[in-house]
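Undergrad: Handing you this structure, nothing more for now.
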Amino acid sequence: MSGVAVRDPDLYPLARRLGLPTVAEAGMAEAGVTDAASADIAPGIAGDDDGAELTLARQDDRLVLAGDPRRYGHPLAVDFVSGRAAHRRRFGGGRGQLIARACGLAKGVTPSVVDATAGLGRDAFVLASLGAEVLLMERVAAIFALLEDGLARALADPETRDIAARMHLVHGDASRELATLVASAGVAPEVIHLDPMFPHREKSALVKKEMRLFRNLAGDDPDAPRLLEAALDVATHRVVVKRPRKAPPLEGPPPRHVIADKTSRYDLYVHRRLGA
Ligand SMILES: C[S@@+](CC[C@H](N)C(=O)[O-])C[C@H]1O[C@@H](n2cnc3c(N)ncnc32)[C@H](O)[C@@H]1O
């Protein structure tokens, strides 16, 4: 996984809150300097060889993560207001979508959902657009920061405000502290949605630069079976796991049901009927 550092001095409070190094600190760590006080007096002065491959910065009104464009393409940001998210919100297919069916959203039934692998929040946004209260958990600090920024912009826009108000975000590792994070957020874990990273062959991972950047940050989630075990303990009604169509189920108990479409699949582990 690549190092992330914060370049913009306006973002140093964010860096401190999330435990991310500034560019200067990352450069000093790379050079073997461990004295934090020295790093503090020279923030943001490091150059290209500053020890961090990716930097978190403000671009226009957005927080972005950027690396060398030849390797990583466009900077990555979370955008719930325009682009793909807006298109899916308007034309997405409502409760007929695979994710909605997997999570048990039906006529008169709208469970609350914990999305314990929030990523860029796309799945959580779809569920919240359909009326569900969603608790998003993300363990990678830089991805969490992008989500927090995307949510703040969605809350400020009249088109997405109500949806964003149903999305509650926490920073933490769900495989280690799922029950505690759920209890402190006060959202009922009726359904727990998991979409762990799937280790792709190098050839397909090279196809999209954005995917390469994201994969560099998040890694391959090798602890996904432990996350499934925690989710099965905490969910009151069901756990749903998103998988590539042909992938094996996660290690653990076999799913009770499997639903799929042309591109993806959901494995369903059911404790109890929703709405009952
Ligand atoms: C494939 S991405 C999820 C994409 C997401 N469904 C979306 O719609 O944008 C997986 C994400 O889950 C996060 N993740 C994996 N295991 C986690 C855990 N135990 N706790 C919190 N976050 C986790 C990873 O850091 C990564 O950001």
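All residue names refer to the structure tokens as shown: chains lettered A, B, ... in order, residues numbered from 1 in each chain, ligands numbered from 1 in order.
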Report as number ranges by chain: the residues of range 8-168 of chain A with a DSSP assignment of alpha helix (DSSP H), based on the backbone of this structure.

TA: A: 12-18, 23-30, 36-41, 69-72, 83-91, 98-102, 122-129, 141-156, 161-165

Undergrad: Extract the full set of strand (DSSP E or B) residues from range 196-263 of chain A according to DSSP on the backbone, and format it as a PyMOL selection string.

TA: chain A and resi 238-244+257-260

Undergrad: How would the residues just chosen look if you wrote them out with N, CA and C atoms as a PDB file, in the first residue's frame?

TA:
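Below is the file selection-v1.pdb, written as the result:
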```
ATOM      1  N   ARG A 238     -30.044  -9.632   8.856  1.00  0.00           N
ATOM      2  CA  ARG A 238     -29.286 -10.314   7.793  1.00  0.00           C
ATOM      3  C   ARG A 238     -27.952  -9.639   7.493  1.00  0.00           C
ATOM      4  N   VAL A 239     -27.061 -10.451   6.939  1.00  0.00           N
ATOM      5  CA  VAL A 239     -25.777  -9.931   6.456  1.00  0.00           C
ATOM      6  C   VAL A 239     -25.754 -10.179   4.954  1.00  0.00           C
ATOM      7  N   VAL A 240     -25.347  -9.168   4.184  1.00  0.00           N
ATOM      8  CA  VAL A 240     -25.260  -9.368   2.738  1.00  0.00           C
ATOM      9  C   VAL A 240     -23.839  -9.052   2.292  1.00  0.00           C
ATOM     10  N   VAL A 241     -23.290  -9.929   1.454  1.00  0.00           N
ATOM     11  CA  VAL A 241     -21.901  -9.763   1.012  1.00  0.00           C
ATOM     12  C   VAL A 241     -21.880  -9.650  -0.506  1.00  0.00           C
ATOM     13  N   LYS A 242     -21.351  -8.548  -0.992  1.00  0.00           N
ATOM     14  CA  LYS A 242     -21.229  -8.340  -2.438  1.00  0.00           C
ATOM     15  C   LYS A 242     -19.972  -9.062  -2.926  1.00  0.00           C
ATOM     16  N   ARG A 243     -20.112  -9.837  -3.979  1.00  0.00           N
ATOM     17  CA  ARG A 243     -18.973 -10.594  -4.515  1.00  0.00           C
ATOM     18  C   ARG A 243     -18.937 -10.469  -6.035  1.00  0.00           C
ATOM     19  N   PRO A 244     -17.770 -10.581  -6.637  1.00  0.00           N
ATOM     20  CA  PRO A 244     -17.758 -10.711  -8.103  1.00  0.00           C
ATOM     21  C   PRO A 244     -18.515 -11.984  -8.476  1.00  0.00           C
ATOM     22  N   HIS A 257     -28.919 -17.673   0.754  1.00  0.00           N
ATOM     23  CA  HIS A 257     -29.402 -17.404  -0.603  1.00  0.00           C
ATOM     24  C   HIS A 257     -28.319 -16.685  -1.384  1.00  0.00           C
ATOM     25  N   VAL A 258     -28.387 -16.802  -2.698  1.00  0.00           N
ATOM     26  CA  VAL A 258     -27.477 -16.068  -3.578  1.00  0.00           C
ATOM     27  C   VAL A 258     -28.334 -15.391  -4.641  1.00  0.00           C
ATOM     28  N   ILE A 259     -28.143 -14.074  -4.837  1.00  0.00           N
ATOM     29  CA  ILE A 259     -28.834 -13.419  -5.960  1.00  0.00           C
ATOM     30  C   ILE A 259     -27.772 -12.725  -6.814  1.00  0.00           C
ATOM     31  N   ALA A 260     -27.994 -12.700  -8.116  1.00  0.00           N
ATOM     32  CA  ALA A 260     -26.954 -12.175  -9.011  1.00  0.00           C
ATOM     33  C   ALA A 260     -27.580 -11.480 -10.211  1.00  0.00           C
TER      34      ALA A 260
END
```

Undergrad: Find the residues of chain A that sit at most 9 Å from ligand 1; for each, write down the nearest two atoms and how far apart they are in Å, to one decimal. Count only C-alpha atoms and all ligand atoms. Sort by chain, then by number going up, and give it as CSV.

TA:
```
residue,atom,partner,partner_atom_place_in_ligand_line,distance
A:Asp115,CA,ligand 1,6 (N),7.7
A:Ala116,CA,ligand 1,21 (C),5.5
A:Thr117,CA,ligand 1,12 (O),3.3
A:Ala118,CA,ligand 1,5 (C),4.9
A:Gly119,CA,ligand 1,27 (O),3.3
A:Leu120,CA,ligand 1,9 (O),3.7
A:Gly121,CA,ligand 1,9 (O),4.2
A:Arg122,CA,ligand 1,8 (O),3.6
A:Asp123,CA,ligand 1,8 (O),3.8
A:Ala124,CA,ligand 1,8 (O),6.3
A:Phe125,CA,ligand 1,8 (O),7.8
A:Val126,CA,ligand 1,8 (O),8.5
A:Leu136,CA,ligand 1,21 (C),8.6
A:Met137,CA,ligand 1,21 (C),5.2
A:Glu138,CA,ligand 1,22 (N),3.8
A:Arg139,CA,ligand 1,21 (C),4.1
A:Val140,CA,ligand 1,25 (O),5.0
A:Ala141,CA,ligand 1,25 (O),8.6
A:Ile143,CA,ligand 1,27 (O),6.3
A:Phe144,CA,ligand 1,27 (O),8.1
A:His171,CA,ligand 1,21 (C),7.5
A:Gly172,CA,ligand 1,21 (C),5.8
A:Asp173,CA,ligand 1,20 (N),3.6
A:Ala174,CA,ligand 1,20 (N),3.7
A:Ser175,CA,ligand 1,19 (N),4.1
A:Arg176,CA,ligand 1,19 (N),6.9
A:Glu177,CA,ligand 1,20 (N),8.4
A:Leu178,CA,ligand 1,20 (N),8.0
A:His193,CA,ligand 1,6 (N),8.4
A:Leu194,CA,ligand 1,6 (N),7.3
A:Asp195,CA,ligand 1,3 (C),5.1
A:Pro196,CA,ligand 1,10 (C),4.5
A:Met197,CA,ligand 1,1 (C),4.1
A:Phe198,CA,ligand 1,1 (C),7.1
A:Phe214,CA,ligand 1,27 (O),7.6
A:Arg215,CA,ligand 1,26 (C),8.1
A:Leu217,CA,ligand 1,25 (O),7.3
A:Ala218,CA,ligand 1,25 (O),4.3
A:Gly219,CA,ligand 1,25 (O),7.2
A:Asp220,CA,ligand 1,15 (C),8.1
A:Asp221,CA,ligand 1,15 (C),5.4
A:Pro222,CA,ligand 1,16 (N),8.4
A:Asp223,CA,ligand 1,19 (N),7.1
A:Ala224,CA,ligand 1,16 (N),6.4
A:Arg226,CA,ligand 1,19 (N),8.2
A:Leu227,CA,ligand 1,19 (N),5.7
A:Lys242,CA,ligand 1,6 (N),8.2
```

Undergrad: Out of A:Asp8, A:Glu148, A:Asp68, A:Glu229, which residue has the shortest atom-to-atom distance to Glu210 in chain A when counting only C-alpha atoms?

TA: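 Of A:Asp8, A:Glu148, A:Asp68, A:Glu229, the one nearest Glu210 in chain A is A:Asp68, counting only C-alpha atoms.
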
Undergrad: To one decimal place in Å, what is the distance between CA of Ala66 in chain A and CA of Arg90 in chain A?

TA: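 CA of Ala66 in chain A sits 29.2 Å away from CA of Arg90 in chain A.
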
Undergrad: List every residue of range 159-253 of chain A that has an atom at most 7 Å from any atom of range 100-114 of chain A, giving for each one its closest atom pair and the distance in Å to one decimal, counting only C-alpha atoms, sorted by chain and then by ascending residue number, as CSV.

TA:
```
residue,atom,partner,partner_atom,distance
A:Ala188,CA,A:Ser112,CA,6.2
A:Pro189,CA,A:Val114,CA,5.8
A:Glu190,CA,A:Ser112,CA,5.6
A:Val191,CA,A:Val113,CA,4.7
A:Ile192,CA,A:Val114,CA,4.7
A:His193,CA,A:Val114,CA,6.0
A:Val240,CA,A:Ala102,CA,6.5
```

Undergrad: Selection from above, C-alpha atoms, as a PDB file, in the first residue's frame, can you write it?

TA:
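What landed in result_31.pdb:
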```pdb
ATOM      1  CA  ALA A 188     -29.920  -0.379  14.510  1.00  0.00           C
ATOM      2  CA  PRO A 189     -27.873  -3.037  12.657  1.00  0.00           C
ATOM      3  CA  GLU A 190     -30.845  -4.721  10.984  1.00  0.00           C
ATOM      4  CA  VAL A 191     -28.834  -5.399   7.836  1.00  0.00           C
ATOM      5  CA  ILE A 192     -25.041  -5.385   7.567  1.00  0.00           C
ATOM      6  CA  HIS A 193     -23.707  -4.834   4.050  1.00  0.00           C
ATOM      7  CA  VAL A 240     -25.260  -9.368   2.738  1.00  0.00           C
TER       8      VAL A 240
END
```

Undergrad: Given the choices A:Thr236, A:Tyr269, A:Glu159, A:Tyr12, which gets closest to Arg58 in chain A if the distance is worked out from only C-alpha atoms?

TA: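 So, comparing all the options, the nearest one is A:Tyr12.
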
Undergrad: For Ser129 in chain A, list every protein, DNA or RNA residue within 9 Å, evaluated using only C-alpha atoms, and leave out those in the same chain fewer than 4 positions away; present the list as a ChimeraX atom specification.

TA: /A:89,94,124-125,160,162-164,166

Undergrad: Kindly export the residues of the current selection with N, CA and C atoms, as a short mmCIF file (atom, residue, chain, number, x, y, z; two decimals), in the first residue's frame.

TA:
```
data_model
loop_
_atom_site.label_atom_id
_atom_site.label_comp_id
_atom_site.auth_asym_id
_atom_site.auth_seq_id
_atom_site.Cartn_x
_atom_site.Cartn_y
_atom_site.Cartn_z
N ARG A 89 -29.14 8.23 -9.09
CA ARG A 89 -30.23 8.69 -8.22
C ARG A 89 -31.48 8.93 -9.07
N GLY A 94 -34.62 2.19 -8.74
CA GLY A 94 -35.32 2.07 -7.46
C GLY A 94 -35.05 0.79 -6.70
N ALA A 124 -23.72 2.86 -0.29
CA ALA A 124 -24.45 3.48 0.83
C ALA A 124 -25.36 4.59 0.32
N PHE A 125 -24.88 5.36 -0.67
CA PHE A 125 -25.68 6.45 -1.21
C PHE A 125 -26.93 5.90 -1.92
N THR A 160 -29.56 16.83 -2.64
CA THR A 160 -29.06 15.61 -1.96
C THR A 160 -29.12 15.69 -0.44
N ASP A 162 -31.44 15.67 1.92
CA ASP A 162 -32.21 14.70 2.70
C ASP A 162 -31.57 13.32 2.69
N ILE A 163 -30.98 12.97 1.54
CA ILE A 163 -30.32 11.66 1.43
C ILE A 163 -29.08 11.64 2.35
N ALA A 164 -28.28 12.70 2.24
CA ALA A 164 -27.05 12.76 3.04
C ALA A 164 -27.36 12.74 4.53
N ARG A 166 -29.40 10.98 5.96
CA ARG A 166 -29.61 9.58 6.39
C ARG A 166 -28.30 8.81 6.44
#
```

Undergrad: Of the candidates A:Ile99, A:Val270, A:Ala185, A:Leu54, which shows the shortest atom-to-atom distance to Val170 in chain A, using only C-alpha atoms?

TA: A:Ala185

Undergrad: Given only C-alpha atoms as the basis, pick out the residue of A:Lys209, A:Arg265, A:Pro158, A:Met167 nearest to Pro69 in chain A.

TA: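 Closest residue, counting only C-alpha atoms: A:Lys209.
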
Undergrad: In Å, how far is it from CA of Arg70 in chain A to CA of Asn216 in chain A?

TA: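 Those two atoms sit 15.0 Å apart.
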